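Visitor: This is the structure I want to talk about, given as structure tokens.
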Amino acid sequence: MEHAIEKKYIPLANYFHVLKEPVIQLSFSEIETIIGQKLPNAAYLNRSWWTKTKPPLQHFLAWTEKNYFVSKVQLGFYVQFERSAQQVQQNKTTNDATCTYIIRQAELNDVRNLTRFMHRLKELEPMNHYDFLQAPDTLSALRKRISHWNIKNAGQFFVAVVDGHIRGVAQVWRHISQGFQHRAMTSIQLMPEYQKAEIAHDLLCAVEEWAKEQEIDRLDASVLDGNHHTLTYYKSRQFEVEGTRLHAIHVNGQFYNEIFLGKMLTQPPTHTETTKEEVYA
């Protein structure tokens with residue numbers, strides 16, 4: 001009889017699906033960041049919660065389905081996972097991956113880590129951070145934004161969780177004004193050490209998937225002139241530069257131009273000219 005993994009642990013299963021290391025040690029905090037939720041009390045109190053591989057609970061499928069087993073548990077601190085020796089031998093192929101990451105929708109439990117991400121990014125790269133000026137920078141305001149977006153399907157945060165830490169974020173939110181509801185705005189930010197094309201690509205793919213599910217026809221974006229990484233990300237996903245607004249952004253006492261980009265997700269209808277004969281027919 002085939003058992004389905006508990007929904008809560010699907011992001012963890014996705015993590016192990018792309019993991020290449022034969023041995024990995026994850027802290028409880030890192031595991032909670034991967035799944036976007038708190039672990040149950042039993043995970044903090046009982047080693048057996050990690051080591052048992054029998055129903056009725058199905059959380060262990062997140063790692064056992066990928067041939068990992070729990071080799072060590074320090075309750076409240078970390079869990080060590082190992083891949084079976086046979087599977088390690090089978091996976092000794094060329095692999096250029098330098099980090100393991102997953103892309104998922106942000107949860108309310110991510111608010112604290114998201115806020116830390118924003119503040120840290122502001123310190124490291126003010127030019128990359130300016131998109132977040134449109135996002136709340138307090139815990140309560142950000143929690144309210146995520147909750148509202150989820151309830152109303154008005155927008156979404158996507159996070160790139162790299163080795164148990166949020167290292168990239170993409171936002172997408174729909175225009176609510178009449179006549180603009182076919183459009184949505186998006187932005188993307190990555191920590192400097194993780195500005196890799198594949199992570200940005202996957203974040204933008206998640207944004208586009210969400211937009212199509214919401215029947216959005218067009219995505220808009222804007223980039224501060226000089227933010228070459230982000231501009232490259234959008235262009236690689238077929239966003240087209242549509243114009244520049246001079247001296248639009250003021251960061252650290254300096255003015256920057258703002259570059260506007262757009263991408264059509266659906267083919268607009270073709271309009272045909274109406275002849276006089278058709279008008280008076």
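Convention: chains lettered A, B, ... in structure tokens order; per-chain residue numbering from 1; ligands numbered from 1 as shown.
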Find the residues near segment 152-165 of chain A: any atom within 7 Å, counting only C-alpha atoms, skip ones fewer than 6 places away on the same chain, and give them as a PDB file with N, CA and C atoms, in the first residue's frame.

Guide:
ATOM      1  N   GLU A  30      16.964  25.218  10.820  1.00  0.00           N
ATOM      2  CA  GLU A  30      17.095  25.089   9.364  1.00  0.00           C
ATOM      3  C   GLU A  30      15.981  24.223   8.782  1.00  0.00           C
ATOM      4  N   ILE A  31      15.626  23.157   9.478  1.00  0.00           N
ATOM      5  CA  ILE A  31      14.536  22.295   9.008  1.00  0.00           C
ATOM      6  C   ILE A  31      13.226  23.071   9.014  1.00  0.00           C
ATOM      7  N   THR A  33      12.905  26.261   8.679  1.00  0.00           N
ATOM      8  CA  THR A  33      12.949  27.226   7.579  1.00  0.00           C
ATOM      9  C   THR A  33      12.633  26.546   6.262  1.00  0.00           C
ATOM     10  N   ILE A  34      13.094  25.330   6.085  1.00  0.00           N
ATOM     11  CA  ILE A  34      12.821  24.591   4.851  1.00  0.00           C
ATOM     12  C   ILE A  34      11.328  24.322   4.699  1.00  0.00           C
ATOM     13  N   CYS A  99      25.316  24.301  -4.052  1.00  0.00           N
ATOM     14  CA  CYS A  99      24.432  24.445  -2.905  1.00  0.00           C
ATOM     15  C   CYS A  99      23.131  23.727  -3.209  1.00  0.00           C
ATOM     16  N   THR A 100      22.421  23.386  -2.149  1.00  0.00           N
ATOM     17  CA  THR A 100      21.127  22.724  -2.284  1.00  0.00           C
ATOM     18  C   THR A 100      20.051  23.712  -1.890  1.00  0.00           C
ATOM     19  N   TYR A 101      19.052  23.874  -2.740  1.00  0.00           N
ATOM     20  CA  TYR A 101      18.015  24.849  -2.441  1.00  0.00           C
ATOM     21  C   TYR A 101      16.662  24.362  -2.964  1.00  0.00           C
ATOM     22  N   ILE A 102      15.603  24.934  -2.395  1.00  0.00           N
ATOM     23  CA  ILE A 102      14.250  24.708  -2.874  1.00  0.00           C
ATOM     24  C   ILE A 102      13.562  26.059  -3.008  1.00  0.00           C
ATOM     25  N   ILE A 103      12.550  26.102  -3.843  1.00  0.00           N
ATOM     26  CA  ILE A 103      11.706  27.282  -3.991  1.00  0.00           C
ATOM     27  C   ILE A 103      10.314  26.908  -3.491  1.00  0.00           C
ATOM     28  N   ARG A 104       9.755  27.722  -2.628  1.00  0.00           N
ATOM     29  CA  ARG A 104       8.396  27.460  -2.131  1.00  0.00           C
ATOM     30  C   ARG A 104       7.718  28.774  -1.797  1.00  0.00           C
ATOM     31  N   GLN A 105       6.396  28.705  -1.614  1.00  0.00           N
ATOM     32  CA  GLN A 105       5.649  29.879  -1.185  1.00  0.00           C
ATOM     33  C   GLN A 105       5.971  30.177   0.275  1.00  0.00           C
ATOM     34  N   ALA A 106       6.006  31.445   0.603  1.00  0.00           N
ATOM     35  CA  ALA A 106       6.282  31.853   1.980  1.00  0.00           C
ATOM     36  C   ALA A 106       5.083  31.543   2.867  1.00  0.00           C
ATOM     37  N   GLN A 171       8.673  38.550  -5.095  1.00  0.00           N
ATOM     38  CA  GLN A 171       7.311  38.986  -4.793  1.00  0.00           C
ATOM     39  C   GLN A 171       6.546  39.140  -6.093  1.00  0.00           C
ATOM     40  N   VAL A 172       5.263  38.906  -6.024  1.00  0.00           N
ATOM     41  CA  VAL A 172       4.386  39.206  -7.152  1.00  0.00           C
ATOM     42  C   VAL A 172       3.045  39.629  -6.580  1.00  0.00           C
ATOM     43  N   TRP A 173       2.503  40.728  -7.082  1.00  0.00           N
ATOM     44  CA  TRP A 173       1.202  41.195  -6.601  1.00  0.00           C
ATOM     45  C   TRP A 173       0.438  41.806  -7.763  1.00  0.00           C
ATOM     46  N   ARG A 174      -0.863  41.531  -7.775  1.00  0.00           N
ATOM     47  CA  ARG A 174      -1.700  41.983  -8.886  1.00  0.00           C
ATOM     48  C   ARG A 174      -2.141  43.426  -8.691  1.00  0.00           C
ATOM     49  N   LEU A 203      13.031  31.143  -9.158  1.00  0.00           N
ATOM     50  CA  LEU A 203      12.132  32.075  -8.476  1.00  0.00           C
ATOM     51  C   LEU A 203      11.169  32.722  -9.466  1.00  0.00           C
TER      52      LEU A 203
END

Visitor: Got a sec to tell me which of segment 20-198 of chain A DSSP assigns to strand (DSSP E), as a count of residues only?

Guide: 49

Visitor: So, with only C-alpha atoms as the atoms that count, which of A:Met191, A:Ala170, A:Leu75, A:Ala206 lies closest to Leu26 of chain A?

Guide: A:Leu75

Visitor: Closest to Leu108 of chain A among A:Leu142, A:Leu224, A:Val207, A:Val79, using only C-alpha atoms?

Guide: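 Ranked by minimum distance to Leu108 of chain A, first place goes to A:Leu142.
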
Visitor: I need the residues of segment 153-249 of chain A that end up classed as alpha helix (DSSP H) by DSSP on the backbone, written out as a list in words.

Guide: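 Going through segment 153-249 of chain A, the alpha helix (DSSP H) residues come out as Ala197, Glu198, Ile199, Ala200, His201, Asp202, Leu203, Leu204, Cys205, Ala206, Val207, Glu208, Glu209, Trp210, Ala211, Lys212, Glu213, His228, His229, Thr230, Leu231, Thr232, Tyr233, Tyr234, Lys235 and Ser236 of chain A.
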
Visitor: Looking at A:Ala211, A:Ala43, A:Met118, A:Leu12, which one is nearest to Thr266 of chain A, with distances taken over only C-alpha atoms?

Guide: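 Closest candidate: A:Ala211.
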
Visitor: Neighbouring residues of segment 7-9 of chain A were defined as those with any atom within 8 Å, considering only C-alpha atoms; residues of the same chain fewer than 2 positions away were excluded. Please report them as a PDB file with N, CA, C and O atoms, in the first residue's frame.

Guide:
ATOM      1  N   ILE A   5       3.063  11.383   1.637  1.00  0.00           N
ATOM      2  CA  ILE A   5       3.741  12.186   2.640  1.00  0.00           C
ATOM      3  C   ILE A   5       2.808  13.282   3.135  1.00  0.00           C
ATOM      4  O   ILE A   5       1.954  13.778   2.388  1.00  0.00           O
ATOM      5  N   PRO A  11       7.971  20.353   1.314  1.00  0.00           N
ATOM      6  CA  PRO A  11       9.199  21.118   1.027  1.00  0.00           C
ATOM      7  C   PRO A  11      10.470  20.405   1.480  1.00  0.00           C
ATOM      8  O   PRO A  11      11.514  20.506   0.820  1.00  0.00           O
ATOM      9  N   LEU A  12      10.400  19.667   2.594  1.00  0.00           N
ATOM     10  CA  LEU A  12      11.560  18.915   3.058  1.00  0.00           C
ATOM     11  C   LEU A  12      11.867  17.766   2.097  1.00  0.00           C
ATOM     12  O   LEU A  12      13.039  17.477   1.819  1.00  0.00           O
ATOM     13  N   ALA A  13      10.823  17.133   1.589  1.00  0.00           N
ATOM     14  CA  ALA A  13      11.022  16.075   0.592  1.00  0.00           C
ATOM     15  C   ALA A  13      11.661  16.646  -0.670  1.00  0.00           C
ATOM     16  O   ALA A  13      12.545  16.026  -1.279  1.00  0.00           O
ATOM     17  N   ILE A  35      10.665  23.896   5.772  1.00  0.00           N
ATOM     18  CA  ILE A  35       9.242  23.563   5.664  1.00  0.00           C
ATOM     19  C   ILE A  35       8.347  24.792   5.865  1.00  0.00           C
ATOM     20  O   ILE A  35       7.161  24.745   5.546  1.00  0.00           O
ATOM     21  N   GLN A  37       7.367  26.017   8.659  1.00  0.00           N
ATOM     22  CA  GLN A  37       6.488  25.827   9.813  1.00  0.00           C
ATOM     23  C   GLN A  37       7.299  25.284  10.984  1.00  0.00           C
ATOM     24  O   GLN A  37       8.424  24.796  10.806  1.00  0.00           O
ATOM     25  N   HIS A  59       5.885  11.586   8.108  1.00  0.00           N
ATOM     26  CA  HIS A  59       6.872  12.640   7.893  1.00  0.00           C
ATOM     27  C   HIS A  59       8.220  12.092   7.437  1.00  0.00           C
ATOM     28  O   HIS A  59       8.946  12.732   6.680  1.00  0.00           O
ATOM     29  N   ALA A  62       9.863  12.042   3.863  1.00  0.00           N
ATOM     30  CA  ALA A  62      10.566  13.183   3.273  1.00  0.00           C
ATOM     31  C   ALA A  62      12.014  12.831   2.977  1.00  0.00           C
ATOM     32  O   ALA A  62      12.589  13.307   1.989  1.00  0.00           O
TER      33      ALA A  62
END

Visitor: Skip segment 228-236 of chain A itself and residues of its chain fewer than 2 positions away, then list as number ranges by chain all residues within 7 Å of it, counting only C-alpha atoms.

Guide: A: 197, 200-201, 223, 226, 238-240

Visitor: Just write the chosen residues, all heavy atoms, as a compact mmCIF listing (two decimals), in the first residue's frame.

Guide:
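Just written: result_29.txt:
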# COMPACT_ATOMS: atom_id res chain seq x y z
N ALA A 197 22.30 32.37 -11.61
CA ALA A 197 21.22 32.41 -12.59
C ALA A 197 20.15 31.36 -12.31
O ALA A 197 18.96 31.61 -12.49
CB ALA A 197 21.79 32.23 -14.00
N ALA A 200 17.67 32.48 -9.45
CA ALA A 200 16.80 33.55 -9.95
C ALA A 200 15.82 33.01 -10.97
O ALA A 200 14.63 33.38 -10.96
CB ALA A 200 17.65 34.65 -10.57
N HIS A 201 16.29 32.14 -11.84
CA HIS A 201 15.43 31.53 -12.87
C HIS A 201 14.27 30.79 -12.22
O HIS A 201 13.10 30.95 -12.62
CB HIS A 201 16.26 30.59 -13.73
CG HIS A 201 15.47 29.82 -14.74
ND1 HIS A 201 14.85 28.62 -14.43
CD2 HIS A 201 15.19 30.07 -16.04
CE1 HIS A 201 14.23 28.16 -15.51
NE2 HIS A 201 14.40 29.03 -16.49
N VAL A 223 13.79 47.98 -12.34
CA VAL A 223 15.12 47.73 -11.80
C VAL A 223 15.88 49.05 -11.72
O VAL A 223 15.79 49.89 -12.63
CB VAL A 223 15.90 46.75 -12.70
CG1 VAL A 223 17.32 46.54 -12.19
CG2 VAL A 223 15.18 45.41 -12.80
N GLY A 226 21.92 50.12 -13.02
CA GLY A 226 23.17 49.75 -12.37
C GLY A 226 23.08 48.43 -11.65
O GLY A 226 24.09 47.81 -11.31
N GLN A 238 12.88 36.55 -20.74
CA GLN A 238 12.20 37.23 -21.85
C GLN A 238 11.40 38.47 -21.44
O GLN A 238 10.43 38.83 -22.10
CB GLN A 238 11.28 36.26 -22.62
CG GLN A 238 12.01 35.20 -23.44
CD GLN A 238 12.57 34.08 -22.59
OE1 GLN A 238 11.85 33.46 -21.82
NE2 GLN A 238 13.85 33.81 -22.73
N PHE A 239 11.79 39.11 -20.34
CA PHE A 239 11.25 40.44 -20.04
C PHE A 239 11.92 41.43 -21.00
O PHE A 239 13.12 41.34 -21.26
CB PHE A 239 11.54 40.85 -18.60
CG PHE A 239 10.61 40.27 -17.58
CD1 PHE A 239 10.70 38.93 -17.22
CD2 PHE A 239 9.64 41.05 -16.97
CE1 PHE A 239 9.85 38.39 -16.27
CE2 PHE A 239 8.78 40.53 -16.02
CZ PHE A 239 8.88 39.19 -15.67
N GLU A 240 11.15 42.37 -21.49
CA GLU A 240 11.68 43.37 -22.42
C GLU A 240 11.73 44.74 -21.75
O GLU A 240 10.81 45.14 -21.04
CB GLU A 240 10.81 43.44 -23.67
CG GLU A 240 10.82 42.16 -24.49
CD GLU A 240 10.02 42.29 -25.78
OE1 GLU A 240 9.53 43.41 -26.06
OE2 GLU A 240 9.88 41.28 -26.50

Visitor: Just checking: using only C-alpha atoms, which residue out of A:Gly168, A:Pro268, A:Pro56, A:Gly243 ends up closest to His182 of chain A?

Guide: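 Among the listed residues, A:Pro268 lies closest to His182 of chain A.
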